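Student: Pasting upload_35.txt below, which is compact mmCIF, C-alpha atoms.
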# COMPACT_ATOMS: atom_id res chain seq x y z
CA PHE A 279 37.36 -22.69 -31.11
CA LEU A 280 38.03 -26.25 -29.89
CA ARG A 281 36.70 -27.79 -33.10
CA LEU A 282 38.81 -25.57 -35.32
CA SER A 283 41.84 -26.06 -33.10
CA SER A 284 41.41 -29.83 -33.29
CA PHE A 285 40.99 -29.64 -37.06
CA CYS A 286 44.23 -27.67 -37.45
CA ILE A 287 46.10 -30.15 -35.27
CA LEU A 288 44.70 -33.10 -37.22
CA ILE A 289 45.92 -31.50 -40.45
CA ILE A 290 49.48 -31.63 -39.13
CA ILE A 291 49.09 -35.19 -37.85
CA ASN A 292 47.86 -36.30 -41.27
CA TYR A 293 50.77 -34.46 -42.89
CA LEU A 294 53.30 -36.12 -40.61
CA HIS A 295 51.74 -39.57 -40.88
CA ARG A 296 53.54 -40.34 -44.15
CA ASP A 297 56.78 -40.93 -42.26
CA PHE A 298 55.21 -43.44 -39.87
CA GLN A 299 54.16 -46.21 -42.25
CA ARG A 300 56.86 -48.74 -41.40
CA GLU A 301 55.55 -51.68 -39.37
CA ASP A 302 58.49 -51.63 -36.96
CA MET A 303 57.60 -48.04 -36.04
CA THR A 304 53.97 -48.62 -35.11
CA PHE A 305 54.33 -49.79 -31.51
CA ILE A 306 56.97 -47.26 -30.45
CA ASN A 307 54.96 -44.47 -32.10
CA VAL A 308 51.85 -45.35 -30.15
CA ILE A 309 53.74 -45.56 -26.85
CA LEU A 310 55.60 -42.27 -27.35
CA LEU A 311 52.53 -40.39 -28.57
CA LEU A 312 50.49 -41.69 -25.64
CA ALA A 313 53.25 -40.67 -23.22
CA ALA A 314 53.37 -37.19 -24.79
CA TYR A 315 49.59 -36.83 -24.50
CA ILE A 316 49.68 -37.89 -20.83
CA LEU A 317 52.46 -35.39 -20.12
CA GLY A 318 50.46 -32.67 -21.82
CA SER A 319 47.37 -33.64 -19.83
CA ILE A 320 48.96 -32.74 -16.50
CA PRO A 321 46.58 -29.92 -15.44
CA SER A 322 49.02 -27.90 -13.39
CA ALA A 323 46.70 -24.90 -13.07
CA VAL A 324 43.80 -27.05 -11.85
CA TRP A 325 45.82 -29.19 -9.45
CA ILE A 326 47.83 -26.35 -7.92
CA GLY A 327 44.72 -24.20 -7.61
CA LYS A 328 42.67 -26.92 -5.96
CA TYR A 329 45.25 -28.47 -3.66
CA PHE A 330 47.03 -25.32 -2.45
CA PHE A 331 44.38 -22.61 -2.81
CA LYS A 332 41.12 -24.60 -2.77
CA ILE A 333 40.13 -22.87 -6.01
CA ASP A 334 39.39 -24.19 -9.48
CA VAL A 335 40.80 -21.47 -11.73
CA ARG A 336 38.41 -22.56 -14.50
CA GLU A 337 35.57 -21.06 -12.46
CA TYR A 338 37.17 -17.62 -12.33
CA GLY A 339 38.71 -15.03 -14.62
CA SER A 340 38.81 -16.14 -18.24
CA GLY A 341 37.82 -19.69 -17.30
CA ASN A 342 40.97 -21.20 -18.82
CA ALA A 343 43.20 -23.69 -17.02
CA GLY A 344 46.40 -21.95 -18.03
CA ALA A 345 49.25 -19.89 -16.64
CA THR A 346 47.80 -16.48 -17.55
CA ASN A 347 44.50 -17.09 -15.77
CA THR A 348 46.36 -18.58 -12.81
CA PHE A 349 48.48 -15.42 -12.51
CA ARG A 350 45.34 -13.33 -12.72
CA VAL A 351 43.27 -15.35 -10.23
CA LEU A 352 45.84 -16.70 -7.77
CA GLY A 353 48.89 -14.49 -8.25
CA LYS A 354 52.59 -15.18 -8.74
CA LYS A 355 52.92 -17.91 -6.12
CA ALA A 356 50.66 -20.13 -8.19
CA GLY A 357 51.28 -18.61 -11.63
CA ILE A 358 55.04 -19.12 -11.75
CA PRO A 359 55.01 -22.89 -11.05
CA VAL A 360 52.07 -23.38 -13.42
CA LEU A 361 53.92 -21.53 -16.18
CA ALA A 362 57.09 -23.54 -15.55
CA ILE A 363 55.28 -26.89 -15.54
CA ASP A 364 53.29 -26.12 -18.69
CA VAL A 365 56.41 -25.05 -20.60
CA LEU A 366 58.40 -28.05 -19.36
CA LYS A 367 55.76 -30.60 -20.31
CA GLY A 368 55.77 -29.33 -23.89
CA PHE A 369 59.57 -29.35 -24.00
CA ALA A 370 59.84 -32.81 -22.42
CA SER A 371 57.24 -34.31 -24.76
CA VAL A 372 59.26 -33.32 -27.82
CA LYS A 373 62.44 -34.73 -26.28
CA LEU A 374 60.74 -38.12 -25.94
CA ALA A 375 61.82 -38.60 -29.55
CA PHE A 376 65.31 -39.37 -28.28
CA LEU A 377 64.02 -42.45 -26.44
CA GLN A 378 63.51 -44.38 -29.68
CA ASN A 379 66.33 -45.88 -31.75
CA VAL A 380 64.55 -46.54 -35.06
CA ILE A 381 64.90 -43.02 -36.51
CA PRO A 382 68.41 -41.54 -36.27
CA HIS A 383 68.63 -38.68 -33.75
CA ASP A 384 69.37 -36.05 -36.39
CA VAL A 385 67.40 -32.86 -35.81
CA THR A 386 68.14 -31.74 -39.37
CA SER A 387 66.43 -34.80 -40.90
CA ASN A 388 62.78 -34.66 -41.89
CA PRO A 389 61.77 -37.99 -40.27
CA PHE A 390 63.18 -37.04 -36.87
CA MET A 391 61.77 -33.51 -37.07
CA ASN A 392 58.38 -34.99 -37.96
CA LEU A 393 58.52 -37.30 -34.96
CA MET A 394 59.37 -34.42 -32.61
CA LEU A 395 56.52 -32.33 -34.01
CA ALA A 396 54.05 -35.20 -33.71
CA LEU A 397 54.99 -35.66 -30.06
CA GLY A 398 54.62 -31.94 -29.45
CA ILE A 399 51.19 -31.98 -31.05
CA ALA A 400 50.15 -34.87 -28.81
CA ALA A 401 51.21 -32.87 -25.76
CA LEU A 402 49.31 -29.82 -27.02
CA LEU A 403 46.19 -31.92 -27.43
CA GLY A 404 46.69 -33.15 -23.89
CA HIS A 405 46.86 -29.61 -22.55
CA ILE A 406 43.76 -28.45 -24.42
CA PHE A 407 41.82 -31.66 -23.70
CA PRO A 408 43.39 -33.06 -20.49
CA VAL A 409 42.24 -36.54 -19.54
CA PHE A 410 42.96 -35.72 -15.87
CA ALA A 411 40.69 -32.66 -15.81
CA ALA A 412 37.51 -33.77 -17.60
CA PHE A 413 38.99 -32.59 -20.95
CA ARG A 414 38.67 -28.94 -19.90
CA GLY A 415 42.12 -27.44 -20.31
CA GLY A 416 43.78 -24.22 -21.37
CA LYS A 417 44.70 -22.60 -24.65
CA GLY A 418 48.11 -24.23 -24.73
CA ILE A 419 50.29 -21.15 -25.20
CA ALA A 420 52.81 -22.07 -22.48
CA THR A 421 52.93 -25.70 -23.63
CA LEU A 422 53.35 -24.52 -27.20
CA LEU A 423 56.24 -22.36 -26.02
CA GLY A 424 57.96 -25.43 -24.62
CA ILE A 425 57.41 -27.27 -27.90
CA VAL A 426 58.90 -24.55 -30.09
CA PHE A 427 61.87 -24.14 -27.75
CA ALA A 428 62.56 -27.86 -28.09
CA VAL A 429 62.26 -27.73 -31.88
CA MET A 430 63.80 -24.36 -32.79
CA TRP A 431 65.02 -22.45 -29.74
CA GLU A 432 66.45 -19.49 -31.67
CA ALA A 433 63.14 -18.54 -33.28
CA ALA A 434 61.30 -19.29 -30.04
CA LEU A 435 63.59 -16.97 -28.07
CA ILE A 436 62.97 -14.07 -30.47
CA ALA A 437 59.20 -14.70 -30.29
CA VAL A 438 59.36 -14.69 -26.48
CA LEU A 439 61.28 -11.41 -26.45
CA LEU A 440 58.62 -9.91 -28.73
CA PHE A 441 55.91 -11.21 -26.39
CA LEU A 442 57.62 -9.66 -23.35
CA LEU A 443 58.09 -6.35 -25.14
CA VAL A 444 54.40 -6.18 -26.05
CA LEU A 445 53.41 -7.26 -22.53
CA ILE A 446 55.58 -4.63 -20.85
CA ILE A 447 54.21 -1.88 -23.09
CA SER A 448 50.54 -2.88 -23.30
CA LYS A 449 50.00 -5.16 -20.24
CA TYR A 450 47.96 -7.43 -22.54
CA VAL A 451 49.09 -11.08 -22.48
CA SER A 452 46.68 -11.92 -25.29
CA LEU A 453 48.09 -9.25 -27.62
CA GLY A 454 51.64 -10.38 -26.92
CA SER A 455 50.69 -14.01 -27.53
CA MET A 456 49.04 -13.26 -30.86
CA LEU A 457 51.89 -11.13 -32.17
CA ALA A 458 54.49 -13.67 -31.06
CA GLY A 459 52.48 -16.46 -32.68
CA LEU A 460 52.30 -14.55 -35.95
CA ALA A 461 56.01 -13.78 -35.81
CA PHE A 462 57.06 -17.42 -35.39
CA PRO A 463 56.35 -18.62 -38.97
CA VAL A 464 57.96 -15.45 -40.34
CA LEU A 465 61.09 -16.24 -38.35
CA ILE A 466 61.11 -19.90 -39.36
CA ILE A 467 60.51 -19.35 -43.08
CA PHE A 468 62.16 -16.01 -43.86
CA VAL A 469 64.73 -15.31 -41.14
CA PHE A 470 66.16 -18.75 -40.40
CA GLU A 471 65.09 -20.16 -43.79
CA GLU A 472 64.26 -23.55 -42.32
CA GLN A 473 64.08 -26.22 -45.03
CA ALA A 474 62.00 -28.90 -43.26
CA PRO A 475 58.52 -28.74 -44.87
CA SER A 476 56.81 -30.08 -41.74
CA LEU A 477 58.30 -27.33 -39.57
CA LYS A 478 57.13 -24.68 -42.02
CA VAL A 479 53.61 -26.11 -41.92
CA PHE A 480 53.75 -26.41 -38.14
CA SER A 481 54.83 -22.80 -37.71
CA GLY A 482 52.00 -21.63 -39.94
CA VAL A 483 49.41 -23.64 -38.06
CA ILE A 484 50.77 -22.26 -34.78
CA ALA A 485 49.84 -18.77 -35.97
CA VAL A 486 46.34 -19.98 -36.90
CA LEU A 487 45.88 -21.78 -33.58
CA VAL A 488 46.96 -18.75 -31.56
CA LEU A 489 44.54 -16.50 -33.43
CA VAL A 490 41.68 -19.01 -33.17
CA THR A 491 42.15 -19.60 -29.44
CA HIS A 492 42.24 -15.85 -28.82
CA GLN A 493 39.08 -14.88 -30.71
CA LYS A 494 37.31 -13.67 -27.56
CA ASN A 495 40.42 -11.77 -26.51
CA SER A 496 40.54 -10.06 -29.89
CA THR A 497 36.94 -8.95 -29.44
CA ARG A 498 37.64 -7.62 -25.95
CA LEU A 499 40.76 -5.81 -27.21
CA ALA A 500 38.70 -4.15 -29.94
CA GLN A 501 36.10 -3.13 -27.35
CA GLY A 502 38.74 -1.90 -24.91
CA VAL A 503 37.64 -4.26 -22.14
CA GLU A 504 40.41 -6.87 -22.23
CA ASN A 505 41.94 -7.76 -18.85
CA LYS A 506 45.42 -6.41 -18.21
CA THR A 507 48.07 -8.48 -16.45
CA TYR A 508 50.69 -6.85 -14.26
CA PHE A 509 53.67 -9.18 -13.99
CA PHE A 510 56.34 -6.54 -13.44
CA LYS A 511 54.76 -4.07 -11.04
CA LYS A 512 51.90 -3.88 -8.62
CA ARG A 513 48.51 -2.85 -9.83
CA THR A 514 47.55 0.73 -9.05
If you convert what's in this file into C-alpha cells, what do you get?
Tutor:
Amino acid sequence: FLRLSSFCILIIINYLHRDFQREDMTFINVILLLAAYILGSIPSAVWIGKYFFKIDVREYGSGNAGATNTFRVLGKKAGIPVLAIDVLKGFASVKLAFLQNVIPHDVTSNPFMNLMLALGIAALLGHIFPVFAAFRGGKGIATLLGIVFAVMWEAALIAVLLFLLVLIISKYVSLGSMLAGLAFPVLIIFVFEEQAPSLKVFSGVIAVLVLVTHQKNSTRLAQGVENKTYFFKKRT
C-alpha cells in the first residue's frame, strides 16, 4: 500500500506545483515543506513506547506506529498523548503557511489553499515515512485529521463525529476511519460546496488513501477477525 499511497500523494503535489513556479517562492517553499516533513516525521508512538514502556509498538498488534495500535498495545496512558501529538503535528504543519509573506494569508484563495495542502501532504509523508524511525511509520489517520481540521474544520468535525458514532456502535476503528474518510469528500463537494479545485482533489484522494491503507483491515472485517478497540469501556 505504500507505493500506491505515495503515488496518490505525488499526484496532489504535481497538481499543486503549478502555483509554485515563481523564482522568489522557491527557497521559502523548500524550507516550509522540509519543516512540515520533519514535523510529520516525529514518531510519537515509537518514542513514547520505547522511552516510557520499553516497547516498540511496531513489533506488536497491527505493527503500525500510530495512535490506534498504541491504544491497543500500551493503553490509554500512551495512546492519548500519541493521538494528540499526531493530530497536532498535522495541524501545525498546515499552519506553517502563515510564516511566509509572499502569498497573501487568504484561506479562500487558491494559491494559499494550495500552499496549506502541500504542507499538509509533506507532514503526511513524514508520518508514513518518518526519517527519525527508519521510514517505518503509521497510516497517517491522526495526522490527516489534524490536516483537515486546519484546512476545513467544519467538514472535519462532522467526519470525526461520524467516526465516533461508528466506533461506539461497532468498536472497529478501521471501519470508522474508512467511513469518515469516504464522507469527507462528500461533505467538501456537496454539503459545503467548496470551490477550490485543489481542496476537492485533496478530499477525493483522502478517501482513496484511507481505503488503500486499510486494505488488510477490510479483509479482516469481511472475515470477522478484525481487532476491536474499547475506548469508552473496559473490555469484558
Student: If you measure from atom CA of Ala458 of chain A to atom CA of Ala437 of chain A, what distance in Å do you get, rounded to one decimal?
Tutor: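 Distance between the two atoms: 4.9 Å.
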Student: List the spatial neighbours of Val360 of chain A as a list in words - criterion: any atom at most 8 Å away, only C-alpha atoms, same-chain residues fewer than 2 positions off excluded.
Tutor: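 The neighbour list is Ser322, Ala323, Ile326, Gly344, Ala345, Thr348, Ala356, Gly357, Ile358, Ala362, Ile363 and Asp364 of chain A.
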Student: If you count only C-alpha atoms, which residues fall within 10 Å of Leu442 of chain A, apart from same-chain ones fewer than 4 positions away, as a ChimeraX atom specification?
Tutor: /A:436-438,446-451,454-455,458
Student: Give me the residues of segment 307-349 of chain A that have any atom at most 12 Å from an atom of segment 414-421 of chain A; for each, the nearest atom pair and the distance in Å, rounded to one decimal. Use only C-alpha atoms, sort by chain and number, and format it as CSV.
Tutor:
residue,atom,partner,partner_atom,distance
A:Ala314,CA,A:Thr421,CA,11.6
A:Tyr315,CA,A:Thr421,CA,11.7
A:Leu317,CA,A:Thr421,CA,10.3
A:Gly318,CA,A:Thr421,CA,7.6
A:Ser319,CA,A:Gly415,CA,8.1
A:Ile320,CA,A:Gly415,CA,9.5
A:Pro321,CA,A:Gly415,CA,7.1
A:Ser322,CA,A:Gly415,CA,9.8
A:Ala323,CA,A:Gly416,CA,8.8
A:Val324,CA,A:Gly415,CA,8.6
A:Trp325,CA,A:Gly415,CA,11.6
A:Asp334,CA,A:Arg414,CA,11.5
A:Val335,CA,A:Gly416,CA,10.5
A:Arg336,CA,A:Arg414,CA,8.4
A:Glu337,CA,A:Arg414,CA,11.3
A:Ser340,CA,A:Gly416,CA,10.0
A:Gly341,CA,A:Gly416,CA,8.5
A:Asn342,CA,A:Gly416,CA,4.8
A:Ala343,CA,A:Gly416,CA,4.4
A:Gly344,CA,A:Gly416,CA,4.8
A:Ala345,CA,A:Ala420,CA,7.2
A:Thr346,CA,A:Ala420,CA,9.0
A:Asn347,CA,A:Gly416,CA,9.1
A:Thr348,CA,A:Gly416,CA,10.6
Student: I'd like to know which of A:Val351, A:Leu439, A:Ala400, A:Met391 is closest to Ile309 of chain A, using all atoms listed in the file.
Tutor: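 Counting all atoms listed in the file, the residue closest to Ile309 of chain A is A:Ala400.
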Student: Any idea what's packed within 8 Å of segment 381-390 of chain A, counting only C-alpha atoms, ignoring anything in its chain fewer than 3 positions away? Could you give it as a list in words?
Tutor: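 Near neighbours after the sequence-gap exclusion: Asp297, Ala375, Phe376, Gln378, Leu393, Met394, Ala474, Pro475 and Ser476 of chain A.
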Student: Tell me, as a PyMOL selection string, which residues lie within 12 Å of Lys478 of chain A, counting only C-alpha atoms; anything in the same chain fewer than 2 positions away does not count.
Tutor: chain A and resi 290+293+388+391-392+395+429-430+462-468+470-476+480-485
Student: Given the choices A:Ile333, A:Leu374, A:Leu352, A:Val503, which gets closest to Ala428 of chain A if the distance is worked out from only C-alpha atoms?
Tutor: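 The closest residue to Ala428 of chain A is A:Leu374.
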